[in-house]
Amino acid sequence: MDNGQHTTIRALLAWARTSLPQEEARTDSEVLLAFVLQRSRTFLYAHDQDQVPSLAAARYRGLIARRLDGEPVAYLTGQREFWSLDLRLSPATLVPRPETELLVERALQLLGPAAARVLDLGTGSGAIALALARERPAWQVLGVDIDPAAVAVATANAMRLGIGNASFVAGSWYAPCAGRYSLIVSNPPYVSEDDPCLGASGLRHEPRAALASGSDGLDALRCVITGALQFLEPHGALLCEHGAEQGEAVRRLFADAGFAPAYTERDLAGRERLSWARGHAHE
């Protein structure tokens, strides 16, 4: 391929698909070219013989090279869809995973549509908070993140999406919170500090503080669970995403903190993904 000449959409995609790992080649190659051309993936199919200007082709090749280096597609495009929301991202925020939608689904089932205060701890890009706020207009959702840069991203997402019942504040877990909430949700860091997966190409570009949490991966979950009852309304619920091997340990944390018996649910791949419990009426 002559990098100095125009080339077709079909030729660029064919080149990218042979360059990228097989399991992600088709999707990633199309998403990135659609992003460069500011067109839809459907457009690529309908116009695969169209010529791509040399500057656009060069930009595309640069993005493919960065993808080969492990940089997530969401960082390359600055956006990711979550719960049908088009979220903007930055390297300050974790890339929202599809399996986290299970937490949103369960939260919506546990609490009805009536007015309520809801807290999202470790909000990142605001994905969970914004999904809940969009689905439940009567809820007031507060997202908390220790990184002011992440809070800025979440706030911008809320403004761009026109979601006025979600707000965001910087702080460490419950530090900026006041009063009580009907529901607390959290997708905190839950990978152990020495887990070799942190060095894998798929994760090493994401913020380590949003992934790793102590020698056993449970430090953040301990903070969230042990501090929750003083901020929950009677019978309010706490939902936490966690690692596939952490269900038993998380249920024990719930019990030790004084919660009612906890339940663990599995994602579509059959892995334990989230646990939740309600507070007792006397708390």
# chains A, B, ... in the order shown; residues from 1 in each chain; ligands from 1

$ residues_around --residues "stretch 133-135 of chain A" --least-positions-apart "4" --cutoff "9 Å" --atoms "only C-alpha atoms" --output "MDAnalysis selection string"
chainID A and resid 108 113 128:129 139:141 163:166

$ select_by_dssp --residues "stretch 2-241 of chain A" --states "strand (DSSP E or B)" --output "compact mmCIF listing (two decimals) with all heavy atoms, in the first residue's frame"
# COMPACT_ATOMS: atom_id res chain seq x y z
N THR A 7 -6.39 5.83 -0.98
CA THR A 7 -6.74 4.42 -1.09
C THR A 7 -8.22 4.29 -0.79
O THR A 7 -8.86 5.24 -0.34
CB THR A 7 -5.90 3.56 -0.14
OG1 THR A 7 -6.13 2.18 -0.44
CG2 THR A 7 -6.22 3.86 1.31
N THR A 8 -8.77 3.14 -1.05
CA THR A 8 -10.20 2.96 -0.85
C THR A 8 -10.51 2.52 0.59
O THR A 8 -9.65 2.01 1.31
CB THR A 8 -10.77 1.91 -1.81
OG1 THR A 8 -10.18 0.64 -1.50
CG2 THR A 8 -10.48 2.27 -3.25
N GLN A 51 -12.65 6.64 -2.34
CA GLN A 51 -11.27 6.96 -2.01
C GLN A 51 -11.20 7.71 -0.67
O GLN A 51 -12.04 8.56 -0.37
CB GLN A 51 -10.66 7.82 -3.11
CG GLN A 51 -10.50 7.11 -4.46
CD GLN A 51 -9.40 6.06 -4.41
OE1 GLN A 51 -8.35 6.29 -3.80
NE2 GLN A 51 -9.63 4.92 -5.04
N VAL A 52 -10.21 7.39 0.12
CA VAL A 52 -9.97 8.07 1.39
C VAL A 52 -8.80 9.03 1.20
O VAL A 52 -7.72 8.61 0.75
CB VAL A 52 -9.65 7.06 2.51
CG1 VAL A 52 -9.35 7.79 3.82
CG2 VAL A 52 -10.81 6.08 2.69
N GLN A 79 -14.80 8.18 23.03
CA GLN A 79 -16.21 7.93 23.30
C GLN A 79 -16.48 6.45 23.46
O GLN A 79 -15.71 5.60 23.01
CB GLN A 79 -17.09 8.49 22.18
CG GLN A 79 -16.80 7.91 20.81
CD GLN A 79 -17.47 8.71 19.71
OE1 GLN A 79 -17.38 9.93 19.67
NE2 GLN A 79 -18.14 8.01 18.81
N ARG A 80 -17.59 6.13 24.14
CA ARG A 80 -17.99 4.74 24.35
C ARG A 80 -19.49 4.71 24.62
O ARG A 80 -20.01 5.56 25.34
CB ARG A 80 -17.24 4.16 25.55
CG ARG A 80 -17.66 2.77 25.98
CD ARG A 80 -17.12 1.69 25.05
NE ARG A 80 -17.24 0.37 25.63
CZ ARG A 80 -16.28 -0.55 25.57
NH1 ARG A 80 -15.13 -0.28 24.99
NH2 ARG A 80 -16.47 -1.74 26.09
N GLU A 81 -20.19 3.74 24.06
CA GLU A 81 -21.61 3.60 24.33
C GLU A 81 -21.79 2.73 25.57
O GLU A 81 -21.16 1.68 25.72
CB GLU A 81 -22.33 2.97 23.15
CG GLU A 81 -23.84 2.86 23.37
CD GLU A 81 -24.58 2.31 22.18
OE1 GLU A 81 -24.53 2.92 21.11
OE2 GLU A 81 -25.21 1.24 22.34
N PHE A 82 -22.67 3.19 26.47
CA PHE A 82 -23.01 2.43 27.67
C PHE A 82 -24.48 2.67 27.95
O PHE A 82 -24.91 3.83 28.06
CB PHE A 82 -22.15 2.88 28.86
CG PHE A 82 -22.46 2.15 30.14
CD1 PHE A 82 -21.86 0.92 30.41
CD2 PHE A 82 -23.34 2.67 31.07
CE1 PHE A 82 -22.14 0.24 31.59
CE2 PHE A 82 -23.63 2.01 32.25
CZ PHE A 82 -23.02 0.78 32.51
N LEU A 85 -26.16 5.20 25.99
CA LEU A 85 -25.68 6.57 26.15
C LEU A 85 -24.33 6.71 25.45
O LEU A 85 -23.44 5.88 25.64
CB LEU A 85 -25.52 6.94 27.63
CG LEU A 85 -26.78 6.92 28.49
CD1 LEU A 85 -26.41 7.15 29.95
CD2 LEU A 85 -27.77 7.97 28.02
N ASP A 86 -24.17 7.75 24.67
CA ASP A 86 -22.90 8.03 24.01
C ASP A 86 -22.03 8.84 24.95
O ASP A 86 -22.20 10.06 25.07
CB ASP A 86 -23.16 8.79 22.71
CG ASP A 86 -21.87 9.09 21.96
OD1 ASP A 86 -20.85 8.44 22.27
OD2 ASP A 86 -21.88 9.97 21.09
N LEU A 87 -21.14 8.18 25.65
CA LEU A 87 -20.31 8.83 26.66
C LEU A 87 -18.98 9.27 26.08
O LEU A 87 -18.37 8.57 25.26
CB LEU A 87 -20.04 7.87 27.82
CG LEU A 87 -21.26 7.37 28.59
CD1 LEU A 87 -20.83 6.32 29.61
CD2 LEU A 87 -21.99 8.51 29.27
N ARG A 88 -18.52 10.42 26.51
CA ARG A 88 -17.17 10.87 26.19
C ARG A 88 -16.23 10.41 27.30
O ARG A 88 -16.61 10.39 28.48
CB ARG A 88 -17.12 12.40 26.06
CG ARG A 88 -17.99 12.94 24.94
CD ARG A 88 -17.48 12.52 23.56
NE ARG A 88 -18.22 13.17 22.50
CZ ARG A 88 -19.23 12.62 21.82
NH1 ARG A 88 -19.63 11.40 22.12
NH2 ARG A 88 -19.85 13.28 20.86
N ALA A 116 -36.08 9.71 44.82
CA ALA A 116 -35.12 9.06 45.72
C ALA A 116 -33.75 9.69 45.53
O ALA A 116 -33.46 10.29 44.48
CB ALA A 116 -35.04 7.56 45.43
N ARG A 117 -32.92 9.57 46.56
CA ARG A 117 -31.53 10.00 46.48
C ARG A 117 -30.67 8.76 46.26
O ARG A 117 -30.78 7.77 46.99
CB ARG A 117 -31.09 10.71 47.76
CG ARG A 117 -31.86 11.98 48.06
CD ARG A 117 -31.34 12.62 49.34
NE ARG A 117 -30.05 13.31 49.11
CZ ARG A 117 -29.01 13.25 49.93
NH1 ARG A 117 -29.05 12.50 51.02
NH2 ARG A 117 -27.91 13.93 49.66
N VAL A 118 -29.81 8.84 45.25
CA VAL A 118 -28.97 7.70 44.86
C VAL A 118 -27.53 8.16 44.78
O VAL A 118 -27.24 9.26 44.30
CB VAL A 118 -29.44 7.11 43.50
CG1 VAL A 118 -28.51 6.02 43.02
CG2 VAL A 118 -30.87 6.59 43.63
N LEU A 119 -26.61 7.31 45.23
CA LEU A 119 -25.19 7.64 45.29
C LEU A 119 -24.40 6.64 44.46
O LEU A 119 -24.58 5.42 44.59
CB LEU A 119 -24.73 7.61 46.75
CG LEU A 119 -23.25 7.88 47.03
CD1 LEU A 119 -22.85 9.28 46.59
CD2 LEU A 119 -22.97 7.69 48.53
N ASP A 120 -23.51 7.14 43.61
CA ASP A 120 -22.62 6.31 42.80
C ASP A 120 -21.19 6.62 43.20
O ASP A 120 -20.69 7.73 42.94
CB ASP A 120 -22.86 6.59 41.31
CG ASP A 120 -21.87 5.87 40.40
OD1 ASP A 120 -21.32 4.83 40.82
OD2 ASP A 120 -21.65 6.35 39.27
N LEU A 121 -20.53 5.67 43.83
CA LEU A 121 -19.17 5.88 44.33
C LEU A 121 -18.13 5.36 43.34
O LEU A 121 -18.22 4.22 42.87
CB LEU A 121 -18.99 5.16 45.67
CG LEU A 121 -19.85 5.69 46.82
CD1 LEU A 121 -19.70 4.80 48.04
CD2 LEU A 121 -19.45 7.13 47.16
N TRP A 139 -35.29 10.52 40.30
CA TRP A 139 -34.17 10.31 41.19
C TRP A 139 -33.20 11.48 41.12
O TRP A 139 -33.04 12.10 40.06
CB TRP A 139 -33.41 9.05 40.83
CG TRP A 139 -34.12 7.76 41.05
CD1 TRP A 139 -35.41 7.59 41.48
CD2 TRP A 139 -33.59 6.45 40.83
NE1 TRP A 139 -35.71 6.26 41.56
CE2 TRP A 139 -34.63 5.53 41.16
CE3 TRP A 139 -32.37 5.96 40.39
CZ2 TRP A 139 -34.44 4.14 41.06
CZ3 TRP A 139 -32.19 4.59 40.30
CH2 TRP A 139 -33.21 3.70 40.63
N GLN A 140 -32.54 11.76 42.23
CA GLN A 140 -31.42 12.68 42.25
C GLN A 140 -30.16 11.85 42.49
O GLN A 140 -30.01 11.25 43.55
CB GLN A 140 -31.59 13.75 43.34
CG GLN A 140 -32.68 14.75 43.06
CD GLN A 140 -32.42 15.56 41.79
OE1 GLN A 140 -31.29 15.99 41.55
NE2 GLN A 140 -33.46 15.77 41.00
N VAL A 141 -29.30 11.79 41.50
CA VAL A 141 -28.15 10.90 41.54
C VAL A 141 -26.87 11.72 41.73
O VAL A 141 -26.63 12.68 40.98
CB VAL A 141 -28.04 10.06 40.25
CG1 VAL A 141 -26.89 9.06 40.35
CG2 VAL A 141 -29.36 9.33 39.97
N LEU A 142 -26.08 11.35 42.71
CA LEU A 142 -24.80 12.00 42.97
C LEU A 142 -23.68 11.02 42.68
O LEU A 142 -23.64 9.92 43.22
CB LEU A 142 -24.70 12.46 44.43
CG LEU A 142 -23.35 13.07 44.85
CD1 LEU A 142 -23.09 14.38 44.11
CD2 LEU A 142 -23.29 13.27 46.36
N GLY A 143 -22.74 11.43 41.81
CA GLY A 143 -21.57 10.62 41.51
C GLY A 143 -20.34 11.21 42.18
O GLY A 143 -20.12 12.42 42.11
N VAL A 144 -19.55 10.36 42.82
CA VAL A 144 -18.35 10.79 43.54
C VAL A 144 -17.13 10.10 42.95
O VAL A 144 -17.16 8.89 42.69
CB VAL A 144 -18.46 10.46 45.04
CG1 VAL A 144 -17.17 10.83 45.77
CG2 VAL A 144 -19.65 11.17 45.67
N ASP A 145 -16.08 10.86 42.74
CA ASP A 145 -14.81 10.27 42.29
C ASP A 145 -13.67 11.06 42.89
O ASP A 145 -13.74 12.30 43.01
CB ASP A 145 -14.71 10.29 40.76
CG ASP A 145 -13.69 9.28 40.24
OD1 ASP A 145 -12.47 9.53 40.37
OD2 ASP A 145 -14.12 8.23 39.74
N ALA A 166 -28.49 14.42 37.58
CA ALA A 166 -27.24 13.80 38.03
C ALA A 166 -26.20 14.89 38.21
O ALA A 166 -26.05 15.77 37.35
CB ALA A 166 -26.75 12.76 37.03
N SER A 167 -25.51 14.84 39.32
CA SER A 167 -24.43 15.79 39.58
C SER A 167 -23.22 15.03 40.08
O SER A 167 -23.32 13.88 40.51
CB SER A 167 -24.87 16.85 40.61
OG SER A 167 -25.25 16.22 41.83
N PHE A 168 -22.06 15.70 40.05
CA PHE A 168 -20.81 15.01 40.34
C PHE A 168 -19.91 15.88 41.20
O PHE A 168 -19.90 17.11 41.06
CB PHE A 168 -20.11 14.62 39.03
CG PHE A 168 -20.96 13.74 38.16
CD1 PHE A 168 -21.78 14.30 37.18
CD2 PHE A 168 -20.97 12.37 38.33
CE1 PHE A 168 -22.59 13.49 36.39
CE2 PHE A 168 -21.78 11.56 37.55
CZ PHE A 168 -22.59 12.12 36.58
N VAL A 169 -19.18 15.21 42.10
CA VAL A 169 -18.32 15.93 43.03
C VAL A 169 -17.05 15.12 43.26
O VAL A 169 -17.08 13.88 43.23
CB VAL A 169 -19.06 16.20 44.35
CG1 VAL A 169 -19.40 14.90 45.06
CG2 VAL A 169 -18.25 17.10 45.26
N ALA A 170 -15.95 15.82 43.50
CA ALA A 170 -14.68 15.16 43.77
C ALA A 170 -14.53 14.89 45.26
O ALA A 170 -14.89 15.73 46.10
CB ALA A 170 -13.51 16.02 43.28
N TYR A 181 -29.27 7.92 51.65
CA TYR A 181 -29.62 7.57 50.28
C TYR A 181 -30.44 6.29 50.26
O TYR A 181 -30.25 5.39 51.08
CB TYR A 181 -28.34 7.36 49.45
CG TYR A 181 -27.48 8.61 49.37
CD1 TYR A 181 -26.57 8.90 50.37
CD2 TYR A 181 -27.61 9.50 48.31
CE1 TYR A 181 -25.79 10.04 50.32
CE2 TYR A 181 -26.83 10.65 48.25
CZ TYR A 181 -25.93 10.92 49.26
OH TYR A 181 -25.17 12.05 49.20
N SER A 182 -31.35 6.22 49.32
CA SER A 182 -32.15 5.00 49.16
C SER A 182 -31.34 3.88 48.53
O SER A 182 -31.64 2.70 48.74
CB SER A 182 -33.38 5.29 48.28
OG SER A 182 -34.18 6.30 48.83
N LEU A 183 -30.34 4.27 47.77
CA LEU A 183 -29.55 3.29 47.02
C LEU A 183 -28.13 3.81 46.86
O LEU A 183 -27.92 4.98 46.55
CB LEU A 183 -30.19 3.09 45.63
CG LEU A 183 -29.59 2.05 44.70
CD1 LEU A 183 -29.83 0.65 45.23
CD2 LEU A 183 -30.21 2.20 43.30
N ILE A 184 -27.17 2.93 47.10
CA ILE A 184 -25.76 3.24 46.83
C ILE A 184 -25.24 2.18 45.87
O ILE A 184 -25.43 0.98 46.08
CB ILE A 184 -24.92 3.25 48.12
CG1 ILE A 184 -25.44 4.30 49.10
CG2 ILE A 184 -23.45 3.51 47.80
CD1 ILE A 184 -24.73 4.28 50.45
N VAL A 185 -24.60 2.62 44.80
CA VAL A 185 -24.00 1.70 43.82
C VAL A 185 -22.53 2.03 43.67
O VAL A 185 -22.11 3.18 43.86
CB VAL A 185 -24.71 1.80 42.46
CG1 VAL A 185 -26.17 1.37 42.57
CG2 VAL A 185 -24.62 3.21 41.88
N SER A 186 -21.75 1.03 43.33
CA SER A 186 -20.32 1.27 43.15
C SER A 186 -19.69 0.20 42.27
O SER A 186 -19.96 -1.00 42.45
CB SER A 186 -19.60 1.30 44.50
OG SER A 186 -18.23 1.63 44.32
N VAL A 191 -8.99 -5.11 41.50
CA VAL A 191 -7.90 -5.98 41.07
C VAL A 191 -6.76 -5.86 42.08
O VAL A 191 -6.47 -4.76 42.56
CB VAL A 191 -7.40 -5.59 39.66
CG1 VAL A 191 -6.26 -6.49 39.21
CG2 VAL A 191 -8.55 -5.65 38.66
N ALA A 212 -6.80 -1.14 40.43
CA ALA A 212 -6.15 -1.91 41.49
C ALA A 212 -6.51 -1.36 42.87
O ALA A 212 -6.68 -0.15 43.05
CB ALA A 212 -4.64 -1.90 41.30
N LEU A 232 -27.11 5.02 54.32
CA LEU A 232 -28.29 4.39 53.72
C LEU A 232 -29.53 4.63 54.56
O LEU A 232 -29.49 4.60 55.79
CB LEU A 232 -28.08 2.88 53.59
CG LEU A 232 -27.40 2.35 52.34
CD1 LEU A 232 -27.22 0.83 52.46
CD2 LEU A 232 -28.16 2.70 51.07
N GLU A 233 -30.66 4.84 53.88
CA GLU A 233 -31.94 4.86 54.56
C GLU A 233 -32.26 3.45 55.06
O GLU A 233 -31.69 2.47 54.57
CB GLU A 233 -33.03 5.32 53.58
CG GLU A 233 -32.88 6.75 53.11
CD GLU A 233 -33.93 7.14 52.09
OE1 GLU A 233 -34.66 6.22 51.63
OE2 GLU A 233 -34.01 8.32 51.73
N PRO A 234 -33.16 3.32 56.06
CA PRO A 234 -33.56 1.99 56.51
C PRO A 234 -34.02 1.12 55.33
O PRO A 234 -34.81 1.57 54.50
CB PRO A 234 -34.71 2.28 57.48
CG PRO A 234 -34.40 3.65 58.00
CD PRO A 234 -33.81 4.39 56.83
N HIS A 235 -33.49 -0.06 55.27
CA HIS A 235 -33.78 -1.00 54.19
C HIS A 235 -33.24 -0.53 52.84
O HIS A 235 -33.57 -1.13 51.81
CB HIS A 235 -35.28 -1.30 54.09
CG HIS A 235 -35.83 -2.07 55.25
ND1 HIS A 235 -35.30 -3.27 55.66
CD2 HIS A 235 -36.83 -1.79 56.12
CE1 HIS A 235 -35.97 -3.71 56.70
NE2 HIS A 235 -36.90 -2.83 57.02
N GLY A 236 -32.45 0.52 52.81
CA GLY A 236 -31.80 0.91 51.57
C GLY A 236 -30.82 -0.17 51.12
O GLY A 236 -30.39 -1.01 51.91
N ALA A 237 -30.47 -0.16 49.84
CA ALA A 237 -29.64 -1.22 49.27
C ALA A 237 -28.30 -0.69 48.80
O ALA A 237 -28.19 0.44 48.33
CB ALA A 237 -30.36 -1.90 48.12
N LEU A 238 -27.27 -1.54 48.93
CA LEU A 238 -25.94 -1.28 48.41
C LEU A 238 -25.62 -2.35 47.37
O LEU A 238 -25.75 -3.55 47.64
CB LEU A 238 -24.89 -1.31 49.52
CG LEU A 238 -23.42 -1.30 49.09
CD1 LEU A 238 -23.07 0.00 48.39
CD2 LEU A 238 -22.50 -1.53 50.29
N LEU A 239 -25.19 -1.92 46.18
CA LEU A 239 -24.80 -2.83 45.11
C LEU A 239 -23.35 -2.56 44.74
O LEU A 239 -22.98 -1.39 44.49
CB LEU A 239 -25.66 -2.64 43.86
CG LEU A 239 -27.14 -3.01 43.93
CD1 LEU A 239 -27.94 -1.87 44.53
CD2 LEU A 239 -27.65 -3.31 42.52
N CYS A 240 -22.54 -3.61 44.66
CA CYS A 240 -21.13 -3.46 44.32
C CYS A 240 -20.74 -4.45 43.23
O CYS A 240 -20.98 -5.66 43.36
CB CYS A 240 -20.24 -3.71 45.54
SG CYS A 240 -20.44 -2.54 46.88
N GLU A 241 -20.10 -3.96 42.19
CA GLU A 241 -19.47 -4.85 41.23
C GLU A 241 -18.16 -5.34 41.82
O GLU A 241 -17.50 -4.63 42.58
CB GLU A 241 -19.23 -4.14 39.90
CG GLU A 241 -18.61 -5.05 38.85
CD GLU A 241 -18.56 -4.43 37.47
OE1 GLU A 241 -19.50 -3.70 37.09
OE2 GLU A 241 -17.56 -4.68 36.76

$ atom_distance --atom1 "atom CA of A:Arg271" --atom2 "atom CA of A:Trp173"
26.4 Å

$ closest_residue --among "A:Val95, A:Ala220, A:Ala74, A:Ala257" --to "A:Ser172" --atoms "only C-alpha atoms"
A:Ala220

$ closest_residue --among "A:Phe254, A:Arg41, A:Pro148, A:His242" --to "A:Leu103" --atoms "only C-alpha atoms"
A:His242

$ select_by_dssp --residues "stretch 91-192 of chain A" --states "alpha helix (DSSP H)" --output "JSON, numbers by chain"
{"A": [101, 102, 103, 104, 105, 106, 107, 108, 109, 110, 127, 128, 129, 130, 131, 132, 133, 134, 135, 148, 149, 150, 151, 152, 153, 154, 155, 156, 157, 158, 159, 160, 161]}

$ atom_distance --atom1 "atom CA of A:Gly247" --atom2 "atom CA of A:Gln230"
23.1 Å

$ residues_around --residues "A:Thr93" --least-positions-apart "2" --cutoff "7 Å" --atoms "only C-alpha atoms" --output "list in words"
Leu89, Ser90, Pro91, Val95, Gly124, Ser125, Ala150 and Pro207 of chain A

$ write_last_selection --atoms "C-alpha atoms" --output "PDB file, in the first residue's frame"
ATOM      1  CA  LEU A  89     -14.055   9.489  27.868  1.00  0.00           C
ATOM      2  CA  SER A  90     -10.500  10.481  28.668  1.00  0.00           C
ATOM      3  CA  PRO A  91      -7.449   8.624  29.998  1.00  0.00           C
ATOM      4  CA  VAL A  95     -13.555   2.416  29.937  1.00  0.00           C
ATOM      5  CA  GLY A 124     -15.457   7.747  36.606  1.00  0.00           C
ATOM      6  CA  SER A 125     -17.050   8.915  33.359  1.00  0.00           C
ATOM      7  CA  ALA A 150     -12.872  12.237  36.035  1.00  0.00           C
ATOM      8  CA  PRO A 207      -5.838   4.526  35.069  1.00  0.00           C
TER       9      PRO A 207
END

$ residues_around --residues "stretch 20-30 of chain A" --least-positions-apart "2" --cutoff "8 Å" --atoms "only C-alpha atoms" --output "CSV table (one decimal) with all heavy atoms, in the first residue's frame"
chain,number,residue,atom,x,y,z
A,13,LEU,N,-9.6,-1.1,5.2
A,13,LEU,CA,-10.1,-2.0,6.2
A,13,LEU,C,-9.5,-3.4,6.1
A,13,LEU,O,-9.2,-4.1,7.1
A,13,LEU,CB,-11.6,-2.2,6.0
A,13,LEU,CG,-12.5,-1.0,6.4
A,13,LEU,CD1,-14.0,-1.2,6.0
A,13,LEU,CD2,-12.4,-0.7,7.9
A,16,ALA,N,-6.1,-3.2,7.8
A,16,ALA,CA,-6.3,-3.1,9.2
A,16,ALA,C,-6.6,-4.5,9.8
A,16,ALA,O,-6.1,-4.9,10.9
A,16,ALA,CB,-7.3,-2.1,9.6
A,17,ARG,N,-7.5,-5.2,9.1
A,17,ARG,CA,-8.0,-6.5,9.7
A,17,ARG,C,-6.8,-7.5,9.7
A,17,ARG,O,-6.8,-8.4,10.5
A,17,ARG,CB,-9.1,-7.0,8.8
A,17,ARG,CG,-10.4,-6.2,9.1
A,17,ARG,CD,-11.5,-6.6,8.0
A,17,ARG,NE,-12.7,-5.8,8.2
A,17,ARG,CZ,-13.6,-5.6,7.3
A,17,ARG,NH1,-13.5,-6.2,6.1
A,17,ARG,NH2,-14.7,-4.9,7.5
A,18,THR,N,-5.9,-7.4,8.8
A,18,THR,CA,-4.7,-8.3,8.8
A,18,THR,C,-3.7,-7.9,9.8
A,18,THR,O,-2.8,-8.7,10.2
A,18,THR,CB,-4.1,-8.4,7.4
A,18,THR,OG1,-3.6,-7.1,7.0
A,18,THR,CG2,-5.0,-8.9,6.4
A,32,LEU,N,-12.8,2.5,14.1
A,32,LEU,CA,-11.8,3.6,13.9
A,32,LEU,C,-11.9,4.3,12.6
A,32,LEU,O,-11.7,5.5,12.5
A,32,LEU,CB,-10.4,3.0,14.2
A,32,LEU,CG,-10.1,2.5,15.6
A,32,LEU,CD1,-8.8,1.8,15.7
A,32,LEU,CD2,-10.2,3.7,16.5
A,33,LEU,N,-12.1,3.6,11.5
A,33,LEU,CA,-12.3,4.3,10.2
A,33,LEU,C,-13.5,5.1,10.2
A,33,LEU,O,-13.5,6.3,9.6
A,33,LEU,CB,-12.3,3.3,9.1
A,33,LEU,CG,-12.2,3.9,7.7
A,33,LEU,CD1,-11.0,4.8,7.5
A,33,LEU,CD2,-12.1,2.8,6.6
A,34,ALA,N,-14.6,4.6,10.7
A,34,ALA,CA,-15.8,5.5,10.8
A,34,ALA,C,-15.6,6.7,11.6
A,34,ALA,O,-16.1,7.8,11.3
A,34,ALA,CB,-17.0,4.7,11.4
A,41,ARG,N,-20.7,3.1,10.5
A,41,ARG,CA,-20.1,1.9,9.9
A,41,ARG,C,-20.9,1.4,8.8
A,41,ARG,O,-20.4,0.8,7.8
A,41,ARG,CB,-20.1,0.8,11.0
A,41,ARG,CG,-19.0,1.1,12.1
A,41,ARG,CD,-19.2,0.2,13.3
A,41,ARG,NE,-18.8,-1.2,13.0
A,41,ARG,CZ,-18.9,-2.2,13.8
A,41,ARG,NH1,-19.5,-2.0,15.0
A,41,ARG,NH2,-18.6,-3.4,13.5
A,44,LEU,N,-19.6,2.8,5.6
A,44,LEU,CA,-18.4,2.1,5.1
A,44,LEU,C,-18.7,0.9,4.1
A,44,LEU,O,-18.1,0.7,3.1
A,44,LEU,CB,-17.5,1.5,6.2
A,44,LEU,CG,-17.1,2.5,7.3
A,44,LEU,CD1,-16.2,1.9,8.3
A,44,LEU,CD2,-16.3,3.7,6.6
A,64,ILE,N,-4.5,2.8,14.2
A,64,ILE,CA,-4.3,1.3,14.2
A,64,ILE,C,-3.0,1.0,14.9
A,64,ILE,O,-3.0,0.0,15.7
A,64,ILE,CB,-4.3,0.8,12.7
A,64,ILE,CG1,-5.7,1.0,12.1
A,64,ILE,CG2,-3.9,-0.7,12.7
A,64,ILE,CD1,-6.8,0.2,12.8
A,67,ARG,N,-3.7,1.2,18.5
A,67,ARG,CA,-4.5,0.1,19.0
A,67,ARG,C,-3.6,-1.2,19.1
A,67,ARG,O,-3.8,-1.9,20.1
A,67,ARG,CB,-5.6,-0.2,17.9
A,67,ARG,CG,-6.6,-1.3,18.4
A,67,ARG,CD,-7.4,-0.8,19.5
A,67,ARG,NE,-8.2,-1.9,20.1
A,67,ARG,CZ,-7.9,-2.5,21.3
A,67,ARG,NH1,-6.8,-2.1,22.0
A,67,ARG,NH2,-8.6,-3.5,21.7
A,68,LEU,N,-2.7,-1.4,18.2
A,68,LEU,CA,-1.8,-2.5,18.3
A,68,LEU,C,-0.9,-2.4,19.6
A,68,LEU,O,-0.5,-3.5,20.1
A,68,LEU,CB,-0.9,-2.6,17.1
A,68,LEU,CG,-1.6,-3.2,15.8
A,68,LEU,CD1,-0.7,-3.0,14.6
A,68,LEU,CD2,-1.9,-4.7,16.0
A,73,VAL,N,-9.9,1.3,22.2
A,73,VAL,CA,-10.6,2.0,21.1
A,73,VAL,C,-11.3,3.3,21.7
A,73,VAL,O,-11.4,4.3,21.1
A,73,VAL,CB,-11.6,1.1,20.4
A,73,VAL,CG1,-12.5,1.9,19.5
A,73,VAL,CG2,-10.8,0.1,19.6
